[in-house]
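One structure is given below, encoded as structure tokens.
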Amino acid sequence: YIKYIIYTKYSDDRAPEYQIRTDIVIDDIGKKKIRKKALFSCGKKHIQNHKKIYEQLNEIYSKENEVLINKCKITEQGLEVEYVEGKTLEDLLDKCLSKDDIIGFTGIFSRFLEIVNMQCKDKMFVLTERFKEIFGEIEFSYEQKAAEFCDIDMIFENFICKDNGEWVIIDYEWTFECLIPIKFVVFRSLFYYFNK
């Protein structure tokens with residue numbers, strides 16, 4: 001039962017099958033939760049796919065004690081996602097830069113690279129029809145390590161760093177089941193960070 005909504009965001013600048021509404025709500029016992037629902041019936045599959053993504057990412061990271069995947073469950077209203085308290089990775093990196101703490105920044109960024117690379121399983125990128133359908137044609141002058149189940153949205157604001165040292169990946173909506181060069185994920189994270 002929802003007592004009240006404290007935040008709402010419409011992601012309506014996407015193709016209709018990916019348009020969603022995200023609410024942060026307070027339930028009847030005072031606990032924060034995140035609810036996501038499709039704006040159109042054609043988007044229900046996208047919402048329901050979150051559970052499968054959660055399970056597969058959780059399998060990838062289950063051996064890593066300090067990396068968690070934000071829990072979710074399918075409900076009648078759509079998707080319910082755990083609300084996680086902590087600082088974003090973006091906040092931690094900003095703090096290092098504001099203090100000219102290059103060693104701290106490098107340490108955090110190195111840990112981030114380790115986490116991103118855990119998606120790789122000794123695969124090399126091969127251009128597939130599914131990749132072309134999503135990203136278009138691309139060529140590389142040398143071989144690229146790739147992940148065949150890949151969360152491309154591992155931007156720094158999608159990591160919550162808890163006080164106990166755990167890192168939680170909170171938004172894994174853009175995870176694809178096709179070979180994706182892992183350096184693209186890293187590039188994308190840096191691109192959004194430095195252009196924000």
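Every chain in the structure tokens has a letter given in the order shown (A, B, ...), and although residue numbers restart at 1 in each chain, ligands are simply numbered from 1 in the order shown.
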
(request) Do a neighbour search on stretch 46-51 of chain A at 12 Å with only C-alpha atoms, toss out local chain neighbours closer than 6 positions, and write the hits as a PyMOL selection string. (result) chain A and resi 15-22+35-40+57-58+69-81+151+170-177

(request) Could you please write out, as a ChimeraX atom specification, every residue of chain A that DSSP assigns to strand (DSSP E)? (result) /A:2-11,20-27,32-38,67-69,72-75,78-82,87-88,123-124,145-147,150-151,159-161,167-169,175-176,180-181

Same residues, C-alpha atoms, saved as an mmCIF file, in the first residue's frame:
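Wrote it out as again-v1.cif, contents follow:
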data_model
loop_
_atom_site.group_PDB
_atom_site.id
_atom_site.type_symbol
_atom_site.label_atom_id
_atom_site.label_comp_id
_atom_site.auth_asym_id
_atom_site.auth_seq_id
_atom_site.Cartn_x
_atom_site.Cartn_y
_atom_site.Cartn_z
ATOM 1 C CA ILE A 2 1.379 3.458 -0.975
ATOM 2 C CA LYS A 3 0.939 6.250 1.530
ATOM 3 C CA TYR A 4 2.274 8.953 -0.785
ATOM 4 C CA ILE A 5 4.583 9.662 -3.727
ATOM 5 C CA ILE A 6 7.663 11.833 -3.095
ATOM 6 C CA TYR A 7 9.180 11.842 -6.598
ATOM 7 C CA THR A 8 8.035 11.038 -10.144
ATOM 8 C CA LYS A 9 9.993 10.904 -13.384
ATOM 9 C CA TYR A 10 8.602 10.195 -16.841
ATOM 10 C CA SER A 11 11.018 8.639 -19.323
ATOM 11 C CA ILE A 20 8.213 4.257 -18.255
ATOM 12 C CA ARG A 21 7.130 6.173 -15.190
ATOM 13 C CA THR A 22 9.347 5.938 -12.097
ATOM 14 C CA ASP A 23 8.013 6.858 -8.659
ATOM 15 C CA ILE A 24 9.744 6.980 -5.290
ATOM 16 C CA VAL A 25 7.010 6.215 -2.790
ATOM 17 C CA ILE A 26 6.544 5.924 0.950
ATOM 18 C CA ASP A 27 4.573 2.836 1.926
ATOM 19 C CA LYS A 32 10.808 4.177 0.719
ATOM 20 C CA LYS A 33 10.375 2.083 -2.420
ATOM 21 C CA ILE A 34 10.824 2.649 -6.121
ATOM 22 C CA ARG A 35 8.016 1.724 -8.495
ATOM 23 C CA LYS A 36 8.350 1.558 -12.280
ATOM 24 C CA LYS A 37 5.535 1.006 -14.727
ATOM 25 C CA ALA A 38 5.188 1.049 -18.490
ATOM 26 C CA VAL A 67 29.036 -5.816 -5.243
ATOM 27 C CA LEU A 68 25.263 -6.178 -5.065
ATOM 28 C CA ILE A 69 22.523 -5.865 -7.656
ATOM 29 C CA CYS A 72 13.469 -5.994 -7.693
ATOM 30 C CA LYS A 73 10.186 -7.839 -7.983
ATOM 31 C CA ILE A 74 7.292 -7.833 -10.415
ATOM 32 C CA THR A 75 3.987 -6.640 -8.929
ATOM 33 C CA GLY A 78 4.673 -3.047 -12.574
ATOM 34 C CA LEU A 79 8.097 -3.284 -10.980
ATOM 35 C CA GLU A 80 9.077 -2.648 -7.373
ATOM 36 C CA VAL A 81 12.737 -1.858 -6.723
ATOM 37 C CA GLU A 82 14.566 -1.622 -3.413
ATOM 38 C CA LYS A 87 26.471 8.005 -1.796
ATOM 39 C CA THR A 88 26.722 7.608 -5.542
ATOM 40 C CA LYS A 123 34.959 -13.357 -25.215
ATOM 41 C CA MET A 124 36.056 -11.134 -28.055
ATOM 42 C CA LYS A 145 37.137 -7.793 -25.155
ATOM 43 C CA ALA A 146 33.386 -8.135 -24.944
ATOM 44 C CA ALA A 147 30.574 -9.196 -22.626
ATOM 45 C CA CYS A 150 26.170 -6.519 -20.668
ATOM 46 C CA ASP A 151 24.817 -3.626 -18.628
ATOM 47 C CA PHE A 159 26.279 2.876 -8.284
ATOM 48 C CA ILE A 160 25.360 3.474 -4.654
ATOM 49 C CA CYS A 161 28.236 3.092 -2.191
ATOM 50 C CA TRP A 167 28.629 -1.141 -3.930
ATOM 51 C CA VAL A 168 25.096 -1.557 -5.291
ATOM 52 C CA ILE A 169 24.304 -1.405 -9.008
ATOM 53 C CA THR A 175 21.337 -4.602 -20.229
ATOM 54 C CA PHE A 176 21.639 -6.461 -23.511
ATOM 55 C CA ILE A 180 29.244 -5.588 -26.546
ATOM 56 C CA PRO A 181 32.797 -4.211 -26.292
#

(request) Find the residue from A:Leu113, A:Leu127, A:Glu85, A:Glu90 that sits nearest to A:Asn164; use only C-alpha atoms when measuring. (result)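 So, comparing all the options, the nearest one is A:Glu85.
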
(message) Taking only stretch 4-187 of chain A into account, list the residues labelled alpha helix (DSSP H) by DSSP (computed from the backbone), as a VMD selection string.
(response) chain A and resid 44 to 61 89 to 98 102 to 117 129 to 135 182 to 187

(request) Have a look at atom CA of A:Asp100 and atom CA of A:Lys183 and let me know their distance in Å, one decimal. (result) 26.0 Å

(message) So, with only C-alpha atoms as the atoms that count, which of A:Lys132, A:Arg14, A:Lys63, A:Lys196 lies closest to A:Glu157?
(response) A:Lys196

For A:Leu190, find every residue with an atom within 12 Å (counting only C-alpha atoms), except residues of its own chain fewer than 3 positions away, and show them as a JSON list (two decimals) with all heavy atoms, in the first residue's frame.
[["chain", "number", "residue", "atom", "x", "y", "z"],
["A", 90, "GLU", "N", 29.53, 8.72, -8.31],
["A", 90, "GLU", "CA", 29.77, 10.07, -8.84],
["A", 90, "GLU", "C", 30.12, 11.03, -7.70],
["A", 90, "GLU", "O", 31.07, 11.82, -7.80],
["A", 90, "GLU", "CB", 28.52, 10.54, -9.58],
["A", 90, "GLU", "CG", 28.63, 11.90, -10.21],
["A", 90, "GLU", "CD", 27.37, 12.25, -10.97],
["A", 90, "GLU", "OE1", 26.29, 12.30, -10.36],
["A", 90, "GLU", "OE2", 27.49, 12.49, -12.18],
["A", 93, "LEU", "N", 33.70, 10.31, -6.47],
["A", 93, "LEU", "CA", 34.72, 10.79, -7.42],
["A", 93, "LEU", "C", 34.80, 12.31, -7.39],
["A", 93, "LEU", "O", 35.90, 12.88, -7.42],
["A", 93, "LEU", "CB", 34.41, 10.28, -8.83],
["A", 93, "LEU", "CG", 34.57, 8.77, -9.03],
["A", 93, "LEU", "CD1", 34.00, 8.35, -10.39],
["A", 93, "LEU", "CD2", 36.02, 8.33, -8.91],
["A", 109, "PHE", "N", 38.26, 4.51, -9.23],
["A", 109, "PHE", "CA", 38.06, 4.21, -10.66],
["A", 109, "PHE", "C", 38.59, 2.82, -11.01],
["A", 109, "PHE", "O", 37.98, 2.10, -11.80],
["A", 109, "PHE", "CB", 38.73, 5.28, -11.52],
["A", 109, "PHE", "CG", 38.44, 5.09, -12.98],
["A", 109, "PHE", "CD1", 37.17, 5.30, -13.49],
["A", 109, "PHE", "CD2", 39.44, 4.69, -13.86],
["A", 109, "PHE", "CE1", 36.89, 5.12, -14.84],
["A", 109, "PHE", "CE2", 39.18, 4.50, -15.20],
["A", 109, "PHE", "CZ", 37.90, 4.72, -15.69],
["A", 112, "PHE", "N", 36.04, 0.36, -10.00],
["A", 112, "PHE", "CA", 34.96, 0.42, -10.99],
["A", 112, "PHE", "C", 35.31, -0.42, -12.22],
["A", 112, "PHE", "O", 34.48, -1.19, -12.71],
["A", 112, "PHE", "CB", 34.70, 1.89, -11.37],
["A", 112, "PHE", "CG", 33.91, 2.06, -12.63],
["A", 112, "PHE", "CD1", 32.53, 1.88, -12.63],
["A", 112, "PHE", "CD2", 34.54, 2.40, -13.82],
["A", 112, "PHE", "CE1", 31.80, 2.03, -13.79],
["A", 112, "PHE", "CE2", 33.81, 2.55, -14.99],
["A", 112, "PHE", "CZ", 32.44, 2.37, -14.98],
["A", 113, "LEU", "N", 36.55, -0.27, -12.73],
["A", 113, "LEU", "CA", 36.98, -1.05, -13.90],
["A", 113, "LEU", "C", 36.92, -2.55, -13.63],
["A", 113, "LEU", "O", 36.49, -3.33, -14.49],
["A", 113, "LEU", "CB", 38.40, -0.66, -14.32],
["A", 113, "LEU", "CG", 38.57, 0.73, -14.94],
["A", 113, "LEU", "CD1", 40.04, 0.99, -15.23],
["A", 113, "LEU", "CD2", 37.75, 0.87, -16.21],
["A", 153, "ASP", "N", 24.76, 0.67, -18.99],
["A", 153, "ASP", "CA", 24.46, 1.90, -18.26],
["A", 153, "ASP", "C", 25.13, 1.94, -16.89],
["A", 153, "ASP", "O", 24.54, 2.39, -15.91],
["A", 153, "ASP", "CB", 22.94, 2.06, -18.13],
["A", 153, "ASP", "CG", 22.52, 3.50, -17.86],
["A", 153, "ASP", "OD1", 23.29, 4.41, -18.22],
["A", 153, "ASP", "OD2", 21.44, 3.70, -17.30],
["A", 154, "MET", "N", 26.38, 1.48, -16.83],
["A", 154, "MET", "CA", 27.11, 1.50, -15.57],
["A", 154, "MET", "C", 27.77, 2.86, -15.37],
["A", 154, "MET", "O", 28.96, 2.97, -15.12],
["A", 154, "MET", "CB", 28.15, 0.37, -15.55],
["A", 154, "MET", "CG", 27.51, -1.00, -15.46],
["A", 154, "MET", "SD", 28.75, -2.29, -15.30],
["A", 154, "MET", "CE", 28.16, -3.16, -13.87],
["A", 155, "ILE", "N", 26.94, 3.89, -15.49],
["A", 155, "ILE", "CA", 27.44, 5.23, -15.25],
["A", 155, "ILE", "C", 27.59, 5.41, -13.74],
["A", 155, "ILE", "O", 26.98, 4.69, -12.95],
["A", 155, "ILE", "CB", 26.54, 6.31, -15.89],
["A", 155, "ILE", "CG1", 25.11, 6.20, -15.36],
["A", 155, "ILE", "CG2", 26.58, 6.20, -17.41],
["A", 155, "ILE", "CD1", 24.18, 7.30, -15.85],
["A", 156, "PHE", "N", 28.41, 6.36, -13.33],
["A", 156, "PHE", "CA", 28.77, 6.49, -11.92],
["A", 156, "PHE", "C", 27.58, 6.77, -11.00],
["A", 156, "PHE", "O", 27.60, 6.40, -9.84],
["A", 156, "PHE", "CB", 29.87, 7.53, -11.74],
["A", 156, "PHE", "CG", 31.11, 7.25, -12.55],
["A", 156, "PHE", "CD1", 31.81, 8.28, -13.16],
["A", 156, "PHE", "CD2", 31.57, 5.96, -12.72],
["A", 156, "PHE", "CE1", 32.96, 8.02, -13.90],
["A", 156, "PHE", "CE2", 32.72, 5.68, -13.46],
["A", 156, "PHE", "CZ", 33.41, 6.72, -14.05],
["A", 157, "GLU", "N", 26.55, 7.43, -11.53],
["A", 157, "GLU", "CA", 25.39, 7.72, -10.68],
["A", 157, "GLU", "C", 24.51, 6.48, -10.50],
["A", 157, "GLU", "O", 23.59, 6.49, -9.68],
["A", 157, "GLU", "CB", 24.58, 8.88, -11.22],
["A", 157, "GLU", "CG", 23.96, 8.66, -12.57],
["A", 157, "GLU", "CD", 23.35, 9.93, -13.15],
["A", 157, "GLU", "OE1", 24.05, 10.94, -13.27],
["A", 157, "GLU", "OE2", 22.16, 9.87, -13.50],
["A", 183, "LYS", "N", 34.97, -1.84, -23.40],
["A", 183, "LYS", "CA", 35.51, -0.47, -23.38],
["A", 183, "LYS", "C", 34.43, 0.56, -23.70],
["A", 183, "LYS", "O", 34.54, 1.71, -23.29],
["A", 183, "LYS", "CB", 36.68, -0.34, -24.35],
["A", 183, "LYS", "CG", 37.97, -0.96, -23.83],
["A", 183, "LYS", "CD", 39.12, -0.69, -24.78],
["A", 183, "LYS", "CE", 40.40, -1.29, -24.22],
["A", 183, "LYS", "NZ", 41.52, -1.11, -25.17],
["A", 184, "PHE", "N", 33.38, 0.14, -24.42],
["A", 184, "PHE", "CA", 32.27, 1.05, -24.69],
["A", 184, "PHE", "C", 31.57, 1.43, -23.39],
["A", 184, "PHE", "O", 31.20, 2.59, -23.19],
["A", 184, "PHE", "CB", 31.27, 0.40, -25.66],
["A", 184, "PHE", "CG", 29.99, 1.19, -25.80],
["A", 184, "PHE", "CD1", 29.97, 2.45, -26.38],
["A", 184, "PHE", "CD2", 28.79, 0.67, -25.34],
["A", 184, "PHE", "CE1", 28.81, 3.18, -26.49],
["A", 184, "PHE", "CE2", 27.61, 1.40, -25.45],
["A", 184, "PHE", "CZ", 27.61, 2.65, -26.03],
["A", 185, "VAL", "N", 31.41, 0.47, -22.49],
["A", 185, "VAL", "CA", 30.76, 0.72, -21.20],
["A", 185, "VAL", "C", 31.59, 1.73, -20.40],
["A", 185, "VAL", "O", 31.05, 2.68, -19.82],
["A", 185, "VAL", "CB", 30.58, -0.59, -20.40],
["A", 185, "VAL", "CG1", 29.92, -0.32, -19.05],
["A", 185, "VAL", "CG2", 29.77, -1.61, -21.19],
["A", 186, "VAL", "N", 32.90, 1.55, -20.40],
["A", 186, "VAL", "CA", 33.80, 2.45, -19.67],
["A", 186, "VAL", "C", 33.78, 3.84, -20.31],
["A", 186, "VAL", "O", 33.65, 4.86, -19.61],
["A", 186, "VAL", "CB", 35.23, 1.87, -19.63],
["A", 186, "VAL", "CG1", 36.19, 2.85, -18.95],
["A", 186, "VAL", "CG2", 35.25, 0.52, -18.93],
["A", 187, "PHE", "N", 33.88, 3.88, -21.63],
["A", 187, "PHE", "CA", 33.84, 5.16, -22.34],
["A", 187, "PHE", "C", 32.56, 5.92, -22.03],
["A", 187, "PHE", "O", 32.57, 7.11, -21.73],
["A", 187, "PHE", "CB", 33.95, 4.95, -23.86],
["A", 187, "PHE", "CG", 33.58, 6.16, -24.66],
["A", 187, "PHE", "CD1", 34.48, 7.20, -24.82],
["A", 187, "PHE", "CD2", 32.31, 6.29, -25.21],
["A", 187, "PHE", "CE1", 34.13, 8.34, -25.53],
["A", 187, "PHE", "CE2", 31.95, 7.43, -25.91],
["A", 187, "PHE", "CZ", 32.85, 8.45, -26.07],
["A", 193, "TYR", "N", 30.09, 11.35, -17.22],
["A", 193, "TYR", "CA", 30.65, 12.00, -16.04],
["A", 193, "TYR", "C", 31.27, 13.36, -16.38],
["A", 193, "TYR", "O", 30.99, 14.37, -15.75],
["A", 193, "TYR", "CB", 31.68, 11.09, -15.37],
["A", 193, "TYR", "CG", 32.28, 11.67, -14.11],
["A", 193, "TYR", "CD1", 31.49, 11.94, -13.00],
["A", 193, "TYR", "CD2", 33.64, 11.96, -14.03],
["A", 193, "TYR", "CE1", 32.03, 12.47, -11.83],
["A", 193, "TYR", "CE2", 34.19, 12.48, -12.86],
["A", 193, "TYR", "CZ", 33.38, 12.74, -11.77],
["A", 193, "TYR", "OH", 33.92, 13.27, -10.64],
["A", 194, "PHE", "N", 32.12, 13.38, -17.38],
["A", 194, "PHE", "CA", 32.86, 14.61, -17.70],
["A", 194, "PHE", "C", 32.04, 15.60, -18.51],
["A", 194, "PHE", "O", 32.39, 16.78, -18.60],
["A", 194, "PHE", "CB", 34.18, 14.29, -18.39],
["A", 194, "PHE", "CG", 35.18, 13.70, -17.44],
["A", 194, "PHE", "CD1", 35.60, 12.37, -17.56],
["A", 194, "PHE", "CD2", 35.71, 14.46, -16.41],
["A", 194, "PHE", "CE1", 36.52, 11.83, -16.67],
["A", 194, "PHE", "CE2", 36.63, 13.91, -15.50],
["A", 194, "PHE", "CZ", 37.03, 12.61, -15.64],
["A", 195, "ASN", "N", 30.93, 15.17, -19.12],
["A", 195, "ASN", "CA", 30.09, 16.09, -19.86],
["A", 195, "ASN", "C", 28.87, 16.56, -19.08],
["A", 195, "ASN", "O", 28.07, 17.33, -19.57],
["A", 195, "ASN", "CB", 29.65, 15.46, -21.18],
["A", 195, "ASN", "CG", 30.76, 15.46, -22.19],
["A", 195, "ASN", "OD1", 31.05, 16.47, -22.83],
["A", 195, "ASN", "ND2", 31.44, 14.33, -22.34],
["A", 196, "LYS", "N", 28.76, 16.06, -17.84],
["A", 196, "LYS", "CA", 27.63, 16.47, -17.01],
["A", 196, "LYS", "C", 27.96, 17.79, -16.34],
["A", 196, "LYS", "O", 27.20, 18.55, -15.95],
["A", 196, "LYS", "CB", 27.32, 15.38, -15.99],
["A", 196, "LYS", "CG", 25.97, 15.53, -15.36],
["A", 196, "LYS", "CD", 25.65, 14.34, -14.52],
["A", 196, "LYS", "CE", 24.32, 14.56, -13.84],
["A", 196, "LYS", "NZ", 24.01, 13.55, -12.88]]

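Here atom CA of A:Leu179 stands at a distance of 5.9 Å from atom CA of A:Phe125.
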
(request) Go ahead and compute the interatomic distance for atom CA of A:Tyr142 and atom CA of A:Tyr61, in Å to one decimal. (result)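 Between atom CA of A:Tyr142 and atom CA of A:Tyr61 the gap works out to 28.4 Å.
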